[in-house]
Amino acid sequence: MLNTAVKEYLEHLFINSKLNHLPKQFGGYKIFSSPLIGVAKGDDPIFLKFKEVVGPEHYTPQEMWNLNIKKKVPSNQLRILSIIFPFTQKIREESLKPIKLKRILIPSEYYSIARNYANEFITTSMEKLIKFIENEGFDGVAGVLSNQFTVFTKRNLYSNWSERHIAFAAGLGTFSLHEGLITEVGCNVRLGSIITDCPLYITPRKNDAPYSNCLFYVNGNCRECIEKCPANAITEDGHNKTLCNNYRLKISRKMVPRLQTYLKPHFRRINNEWTEESYPVGCAFCQFGVCCMDKNPTAE
Ligand code: SF4
Ligand code: SF4
C-alpha cells in the first residue's frame with residue numbers, strides 16, 4: 001500500500017467526519033483542513049537520540065511495537081507514519097480575537113472548543129487508520145493510544161511518545177523558539193502518529209538541524225512569539241514549560257465553566273496513573289498572528 005492510499009483515506013476522513021466540526025452553536029465550522037503525512041523508518045538512529053533529548057523513557061518504535069503487537073517485525077521493516085492536522089483558516093481568524101476576562105487574556109471560544117474537540121477527532125482518525133491498514137493485511141499501533149503512554153512531570157513536562165519528535169523524524173518540520181513544530185503549513189497544527197509494518201515509503205528529513213524552520217535560530221530576526229505570550233513563558237533562552245502550563249491552568253479555570261455545556265471530557269495518564277476527566281482548552285497565543293502560524297517562514 002502506498003503513501004497516496006493512506007493520504008487519500010485521511011483526506012476522506014477529514015472531509016466527511018462529523019467529529020471534524022465545531023458544534024452548530026459555534027457555526028459548525030470545520031476544525032482541520034487537509035492533512036499532511038510523513039514517514040520515518042523504524043531503525044532510524046534518531047529514535048535512540050530521543051532517549052537523550054526527550055527522556056530515557058521515550059520508546060523507540062520497535063519497543064512500542066513489541067509491547068503491543070504479537071507479530072515479530074524487525075525495526076528496519078517498521079514505518080512510523082506521522083500526521084499533521086492543520087487548524088482551518090476560520091479557526092485561525094477567530095483565534096486572532098482573544099477575550100480579556102478580569103485582566104487575564106484568554107483565547108477565543110472558537111479556538112477553545114476547536115482545541116477541545118480536536119482530541120476526539122485525532123484519536124478517532126488514528127483508530128480508523130489502523131483499521132484501514134489492518135484491512136490491507138498489516139498491523140498498526142498508535143503510541144499515544146497504547147497502554148504504555150504517559151506524561152511525566154518529574155523533571156519537566158514530557159511524555160514517552162512525543163508526537164513532535166516523531167513528526168520531526170518523519171521530515172515534517174522542525175522545532176522552534178515557542179517549542180511548536182514548524183511545518184510547511186505552519187505551527188498551528190496538532191499531530192498524531194502510528195507505527196506499522198505496512199511498507200510505506202520514507203519521507204527523508206532535509207537535514208537533522210532541529211531548528212532550521214524558526215527565524216529566531218536561523219538569523220535572529222524574529223521574536224514574535226515572545227511578544228505574544230501573556231505569561232512571559234518564552235524568552236530568547238527558549239520556552240518555559242512550567243510558566244506555560246500554569247497559564248494554561250489559569251485559562252482552564254476561566255474557560256471550562258464558561259463552555260462546560262459544549263466541552264468534551266478527556267482522560268490521560270500522568271506519571272503512569274489515569275487522571276480524573278479534564279477539559280483541555282489550550283492557549284497558543286504564541287502561535288496566532290505570528291509569521292510561522294500557517295507557513296514555514298524560512299521557505300523561499
Ligand atoms: S514566531 Fe518567530 S521566533 Fe517564534 S517560533 Fe515562530 S519563527 Fe520562531
Ligand atoms: S501556550 Fe500560551 S502560555 Fe504557553 S508559551 Fe504559548 S502563549 Fe505562552
# chains A, B, ... in the order shown; residues from 1 in each chain; ligands from 1
$ residues_near_ligand --ligand "ligand 2" --cutoff "10 Å" --atoms "only C-alpha atoms and all ligand atoms" --output "PyMOL selection string"
chain A and resi 105-107+177-180+225-235+238-251+282-288
$ residues_near_ligand --ligand "ligand 1" --cutoff "8 Å" --atoms "only C-alpha atoms and all ligand atoms" --output "PyMOL selection string"
chain A and resi 175-180+182+187+213-217+220-226+286-287+290-293+297
$ closest_atom_pairs --of "segment 81-196 of chain A" --to "segment 7-20 of chain A" --cutoff "9 Å" --atoms "only C-alpha atoms" --output "tab-separated table"
residue	atom	partner	partner_atom	distance
A:Ala114	CA	A:Asn20	CA	8.8
A:Tyr117	CA	A:Leu19	CA	7.4
A:Ala118	CA	A:Asn20	CA	7.4
A:Glu120	CA	A:Leu19	CA	7.2
A:Phe121	CA	A:Leu19	CA	5.4
A:Ile122	CA	A:Asn20	CA	8.9
A:Thr124	CA	A:Leu19	CA	8.6
A:Ser125	CA	A:Leu13	CA	7.3
A:Lys128	CA	A:Leu13	CA	8.9
A:Leu129	CA	A:Leu10	CA	7.6
A:Phe132	CA	A:Tyr9	CA	8.3
$ select_by_dssp --residues "segment 197-280 of chain A" --states "strand (DSSP E)" --output "short mmCIF file (atom, residue, chain, number, x, y, z; two decimals) with N, CA and C atoms, in the first residue's frame"
data_model
loop_
_atom_site.label_atom_id
_atom_site.label_comp_id
_atom_site.auth_asym_id
_atom_site.auth_seq_id
_atom_site.Cartn_x
_atom_site.Cartn_y
_atom_site.Cartn_z
N ILE A 234 8.06 32.60 27.14
CA ILE A 234 9.07 32.43 26.06
C ILE A 234 10.06 33.59 26.16
N THR A 235 11.33 33.23 26.17
CA THR A 235 12.39 34.23 26.14
C THR A 235 13.40 33.78 25.09
N GLY A 238 14.43 30.29 25.34
CA GLY A 238 13.53 29.18 25.00
C GLY A 238 12.19 29.28 25.71
N HIS A 239 11.53 28.14 25.77
CA HIS A 239 10.16 28.04 26.27
C HIS A 239 10.16 27.43 27.66
N ARG A 269 -3.00 9.71 31.10
CA ARG A 269 -2.21 9.16 32.20
C ARG A 269 -1.05 10.09 32.49
N ILE A 270 -0.91 10.43 33.75
CA ILE A 270 0.21 11.27 34.18
C ILE A 270 0.98 10.46 35.20
N GLU A 273 -0.47 7.10 36.01
CA GLU A 273 -1.78 6.98 36.68
C GLU A 273 -2.83 7.70 35.84
N TRP A 274 -3.99 7.06 35.66
CA TRP A 274 -5.08 7.75 34.96
C TRP A 274 -5.56 8.90 35.83
#
$ closest_atom_pairs --of "segment 33-72 of chain A" --to "segment 138-143 of chain A" --cutoff "12 Å" --atoms "only C-alpha atoms" --output "Markdown table"
| residue | atom | partner | partner_atom | distance |
| --- | --- | --- | --- | --- |
| A:His58 | CA | A:Gly143 | CA | 10.4 |
| A:Tyr59 | CA | A:Gly143 | CA | 8.7 |
| A:Thr60 | CA | A:Gly143 | CA | 9.9 |
| A:Pro61 | CA | A:Gly143 | CA | 8.4 |
| A:Gln62 | CA | A:Gly143 | CA | 11.0 |
| A:Glu63 | CA | A:Gly143 | CA | 10.3 |
| A:Met64 | CA | A:Gly143 | CA | 6.7 |
| A:Trp65 | CA | A:Val141 | CA | 7.0 |
| A:Asn66 | CA | A:Val141 | CA | 10.2 |
| A:Leu67 | CA | A:Val141 | CA | 9.9 |
| A:Asn68 | CA | A:Val141 | CA | 7.1 |
| A:Ile69 | CA | A:Val141 | CA | 7.6 |
| A:Lys70 | CA | A:Asp139 | CA | 9.8 |
| A:Lys71 | CA | A:Asp139 | CA | 8.4 |
| A:Lys72 | CA | A:Asp139 | CA | 10.9 |
$ write_last_selection --atoms "C-alpha atoms" --output "mmCIF file, in the first residue's frame"
data_model
loop_
_atom_site.group_PDB
_atom_site.id
_atom_site.type_symbol
_atom_site.label_atom_id
_atom_site.label_comp_id
_atom_site.auth_asym_id
_atom_site.auth_seq_id
_atom_site.Cartn_x
_atom_site.Cartn_y
_atom_site.Cartn_z
ATOM 1 C CA HIS A 58 10.856 7.654 25.417
ATOM 2 C CA TYR A 59 10.049 4.484 23.488
ATOM 3 C CA THR A 60 11.655 3.538 20.230
ATOM 4 C CA PRO A 61 9.153 2.359 17.569
ATOM 5 C CA GLN A 62 10.475 -1.184 17.969
ATOM 6 C CA GLU A 63 9.873 -1.127 21.737
ATOM 7 C CA MET A 64 6.367 0.273 21.308
ATOM 8 C CA TRP A 65 5.597 -2.306 18.606
ATOM 9 C CA ASN A 66 6.866 -5.263 20.670
ATOM 10 C CA LEU A 67 4.779 -4.202 23.663
ATOM 11 C CA ASN A 68 1.580 -4.015 21.642
ATOM 12 C CA ILE A 69 1.723 -6.306 18.600
ATOM 13 C CA LYS A 70 2.457 -10.031 18.763
ATOM 14 C CA LYS A 71 3.806 -10.291 15.201
ATOM 15 C CA LYS A 72 7.624 -10.104 15.140
#
$ residues_around --residues "Arg164 of chain A" --least-positions-apart "3" --cutoff "10 Å" --atoms "only C-alpha atoms" --output "list in words"
Ser82, Ile84, Trp161, Ala167, Phe168, Ala169, Ala170, Leu172, Gly173, Thr174, Phe175, Glu179, Gly180, Leu181, Ile182, Arg190, Leu191, Gly192 and Ser193 of chain A
$ residues_around --residues "segment 202-209 of chain A" --least-positions-apart "2" --cutoff "7 Å" --atoms "only C-alpha atoms" --output "JSON, numbers by chain"
{"A": [38, 39, 40, 41, 169, 170, 171, 200, 211, 212]}
$ residues_around --residues "segment 50-56 of chain A" --least-positions-apart "4" --cutoff "9 Å" --atoms "only C-alpha atoms" --output "PyMOL selection string"
chain A and resi 46+60+158-160+162+165
$ write_last_selection --atoms "N, CA and C atoms" --output "PDB file, in the first residue's frame"
ATOM      1  N   ILE A  46      17.771   8.159  14.907  1.00  0.00           N
ATOM      2  CA  ILE A  46      17.240   9.326  15.641  1.00  0.00           C
ATOM      3  C   ILE A  46      16.332   8.900  16.795  1.00  0.00           C
ATOM      4  N   THR A  60      11.342   3.632  21.658  1.00  0.00           N
ATOM      5  CA  THR A  60      11.655   3.538  20.230  1.00  0.00           C
ATOM      6  C   THR A  60      10.436   2.888  19.569  1.00  0.00           C
ATOM      7  N   TYR A 158       7.067  16.031  29.993  1.00  0.00           N
ATOM      8  CA  TYR A 158       7.428  15.320  28.779  1.00  0.00           C
ATOM      9  C   TYR A 158       6.683  13.995  28.761  1.00  0.00           C
ATOM     10  N   SER A 159       6.684  13.321  27.631  1.00  0.00           N
ATOM     11  CA  SER A 159       5.952  12.061  27.560  1.00  0.00           C
ATOM     12  C   SER A 159       6.875  10.980  27.004  1.00  0.00           C
ATOM     13  N   ASN A 160       6.383   9.749  27.033  1.00  0.00           N
ATOM     14  CA  ASN A 160       7.223   8.660  26.496  1.00  0.00           C
ATOM     15  C   ASN A 160       6.920   8.365  25.026  1.00  0.00           C
ATOM     16  N   SER A 162       6.560  11.292  22.045  1.00  0.00           N
ATOM     17  CA  SER A 162       6.373  12.706  21.700  1.00  0.00           C
ATOM     18  C   SER A 162       6.023  12.835  20.221  1.00  0.00           C
ATOM     19  N   HIS A 165       8.405  15.032  18.204  1.00  0.00           N
ATOM     20  CA  HIS A 165       9.677  14.405  17.818  1.00  0.00           C
ATOM     21  C   HIS A 165       9.472  13.392  16.692  1.00  0.00           C
TER      22      HIS A 165
END
$ atom_distance --atom1 "atom CA of Thr88 of chain A" --atom2 "atom CA of Glu163 of chain A"
20.1 Å
$ closest_residue --among "A:Ile83, A:Leu48, A:Ile104, A:Ala5" --to "Thr123 of chain A" --atoms "only C-alpha atoms"
A:Ile83
$ atom_distance --atom1 "atom CA of Ser146 of chain A" --atom2 "atom CA of Phe87 of chain A"
25.2 Å
$ select_by_dssp --residues "segment 56-288 of chain A" --states "helix (DSSP H, G or I)" --output "PyMOL selection string"
chain A and resi 61-68+75-77+89-95+109-135+143-145+163-169+215-219+224-228+241-259+285-287
$ closest_residue --among "A:Asn119, A:Thr150, A:Ser278, A:Thr183" --to "Arg253 of chain A" --atoms "only C-alpha atoms"
A:Ser278
$ atom_distance --atom1 "atom CA of Leu36 of chain A" --atom2 "atom CA of Pro74 of chain A"
26.5 Å
$ closest_residue --among "A:Glu127, A:Glu277, A:Asp43, A:Glu109" --to "Met255 of chain A" --atoms "only C-alpha atoms"
A:Glu109
$ decode --residues "segment 190-278 of chain A" --atoms "C-alpha atoms" --output "mmCIF file, in the first residue's frame"
data_model
loop_
_atom_site.group_PDB
_atom_site.id
_atom_site.type_symbol
_atom_site.label_atom_id
_atom_site.label_comp_id
_atom_site.auth_asym_id
_atom_site.auth_seq_id
_atom_site.Cartn_x
_atom_site.Cartn_y
_atom_site.Cartn_z
ATOM 1 C CA ARG A 190 -1.973 19.136 16.001
ATOM 2 C CA LEU A 191 -0.184 15.844 15.477
ATOM 3 C CA GLY A 192 -0.756 12.110 15.512
ATOM 4 C CA SER A 193 1.201 9.014 14.531
ATOM 5 C CA ILE A 194 1.047 5.264 14.117
ATOM 6 C CA ILE A 195 3.682 2.560 13.860
ATOM 7 C CA THR A 196 3.015 -0.027 11.167
ATOM 8 C CA ASP A 197 4.589 -2.850 9.192
ATOM 9 C CA CYS A 198 2.861 -1.552 6.053
ATOM 10 C CA PRO A 199 5.761 -0.857 3.604
ATOM 11 C CA LEU A 200 5.179 2.879 3.184
ATOM 12 C CA TYR A 201 7.972 4.813 1.527
ATOM 13 C CA ILE A 202 10.173 7.013 3.680
ATOM 14 C CA THR A 203 9.951 10.818 3.515
ATOM 15 C CA PRO A 204 13.515 11.848 4.423
ATOM 16 C CA ARG A 205 14.415 14.851 6.571
ATOM 17 C CA LYS A 206 16.128 17.647 4.645
ATOM 18 C CA ASN A 207 18.719 17.642 7.417
ATOM 19 C CA ASP A 208 18.979 16.928 11.124
ATOM 20 C CA ALA A 209 19.202 20.594 12.186
ATOM 21 C CA PRO A 210 16.471 20.774 14.840
ATOM 22 C CA TYR A 211 15.560 24.474 14.475
ATOM 23 C CA SER A 212 16.007 25.229 10.793
ATOM 24 C CA ASN A 213 12.415 26.467 10.226
ATOM 25 C CA CYS A 214 12.491 29.052 13.045
ATOM 26 C CA LEU A 215 13.682 32.545 12.096
ATOM 27 C CA PHE A 216 14.997 33.254 15.579
ATOM 28 C CA TYR A 217 17.500 30.413 15.257
ATOM 29 C CA VAL A 218 18.180 30.935 11.551
ATOM 30 C CA ASN A 219 19.027 34.643 11.572
ATOM 31 C CA GLY A 220 17.892 36.111 14.908
ATOM 32 C CA ASN A 221 15.278 38.179 13.078
ATOM 33 C CA CYS A 222 12.108 37.083 14.800
ATOM 34 C CA ARG A 223 10.813 37.276 18.366
ATOM 35 C CA GLU A 224 7.110 37.477 17.606
ATOM 36 C CA CYS A 225 6.131 34.554 19.832
ATOM 37 C CA ILE A 226 7.969 36.156 22.790
ATOM 38 C CA GLU A 227 5.807 39.241 22.380
ATOM 39 C CA LYS A 228 2.578 37.265 22.008
ATOM 40 C CA CYS A 229 2.915 35.164 25.158
ATOM 41 C CA PRO A 230 0.910 36.744 28.024
ATOM 42 C CA ALA A 231 2.718 34.533 30.565
ATOM 43 C CA ASN A 232 6.269 35.567 29.649
ATOM 44 C CA ALA A 233 6.906 31.868 29.155
ATOM 45 C CA ILE A 234 9.067 32.434 26.063
ATOM 46 C CA THR A 235 12.392 34.228 26.141
ATOM 47 C CA GLU A 236 15.489 34.146 23.960
ATOM 48 C CA ASP A 237 16.570 31.190 26.108
ATOM 49 C CA GLY A 238 13.531 29.184 24.998
ATOM 50 C CA HIS A 239 10.155 28.044 26.271
ATOM 51 C CA ASN A 240 9.482 27.616 29.982
ATOM 52 C CA LYS A 241 7.023 24.710 30.222
ATOM 53 C CA THR A 242 6.168 25.367 33.872
ATOM 54 C CA LEU A 243 5.150 29.003 33.302
ATOM 55 C CA CYS A 244 3.277 27.941 30.180
ATOM 56 C CA ASN A 245 1.406 25.181 31.957
ATOM 57 C CA ASN A 246 0.496 27.445 34.866
ATOM 58 C CA TYR A 247 -1.007 29.955 32.451
ATOM 59 C CA ARG A 248 -2.926 27.210 30.666
ATOM 60 C CA LEU A 249 -4.405 26.128 34.009
ATOM 61 C CA LYS A 250 -5.461 29.726 34.628
ATOM 62 C CA ILE A 251 -7.227 29.749 31.261
ATOM 63 C CA SER A 252 -8.928 26.446 32.039
ATOM 64 C CA ARG A 253 -10.272 27.785 35.318
ATOM 65 C CA LYS A 254 -11.926 30.641 33.422
ATOM 66 C CA MET A 255 -12.915 28.874 30.236
ATOM 67 C CA VAL A 256 -14.150 25.468 31.382
ATOM 68 C CA PRO A 257 -17.087 26.761 33.493
ATOM 69 C CA ARG A 258 -17.968 29.175 30.677
ATOM 70 C CA LEU A 259 -18.062 26.470 27.984
ATOM 71 C CA GLN A 260 -18.855 23.403 30.069
ATOM 72 C CA THR A 261 -22.064 22.605 28.148
ATOM 73 C CA TYR A 262 -20.096 22.098 24.950
ATOM 74 C CA LEU A 263 -16.763 20.670 26.046
ATOM 75 C CA LYS A 264 -15.856 17.001 25.739
ATOM 76 C CA PRO A 265 -14.061 15.189 28.600
ATOM 77 C CA HIS A 266 -10.535 13.962 28.117
ATOM 78 C CA PHE A 267 -8.637 11.300 30.076
ATOM 79 C CA ARG A 268 -4.902 10.818 30.179
ATOM 80 C CA ARG A 269 -2.207 9.161 32.201
ATOM 81 C CA ILE A 270 0.209 11.265 34.177
ATOM 82 C CA ASN A 271 3.142 9.533 35.851
ATOM 83 C CA ASN A 272 1.511 6.218 34.886
ATOM 84 C CA GLU A 273 -1.781 6.976 36.682
ATOM 85 C CA TRP A 274 -5.081 7.747 34.960
ATOM 86 C CA THR A 275 -6.287 11.209 35.938
ATOM 87 C CA GLU A 276 -9.825 12.410 36.535
ATOM 88 C CA GLU A 277 -11.564 13.681 33.431
ATOM 89 C CA SER A 278 -10.324 17.049 32.250
#
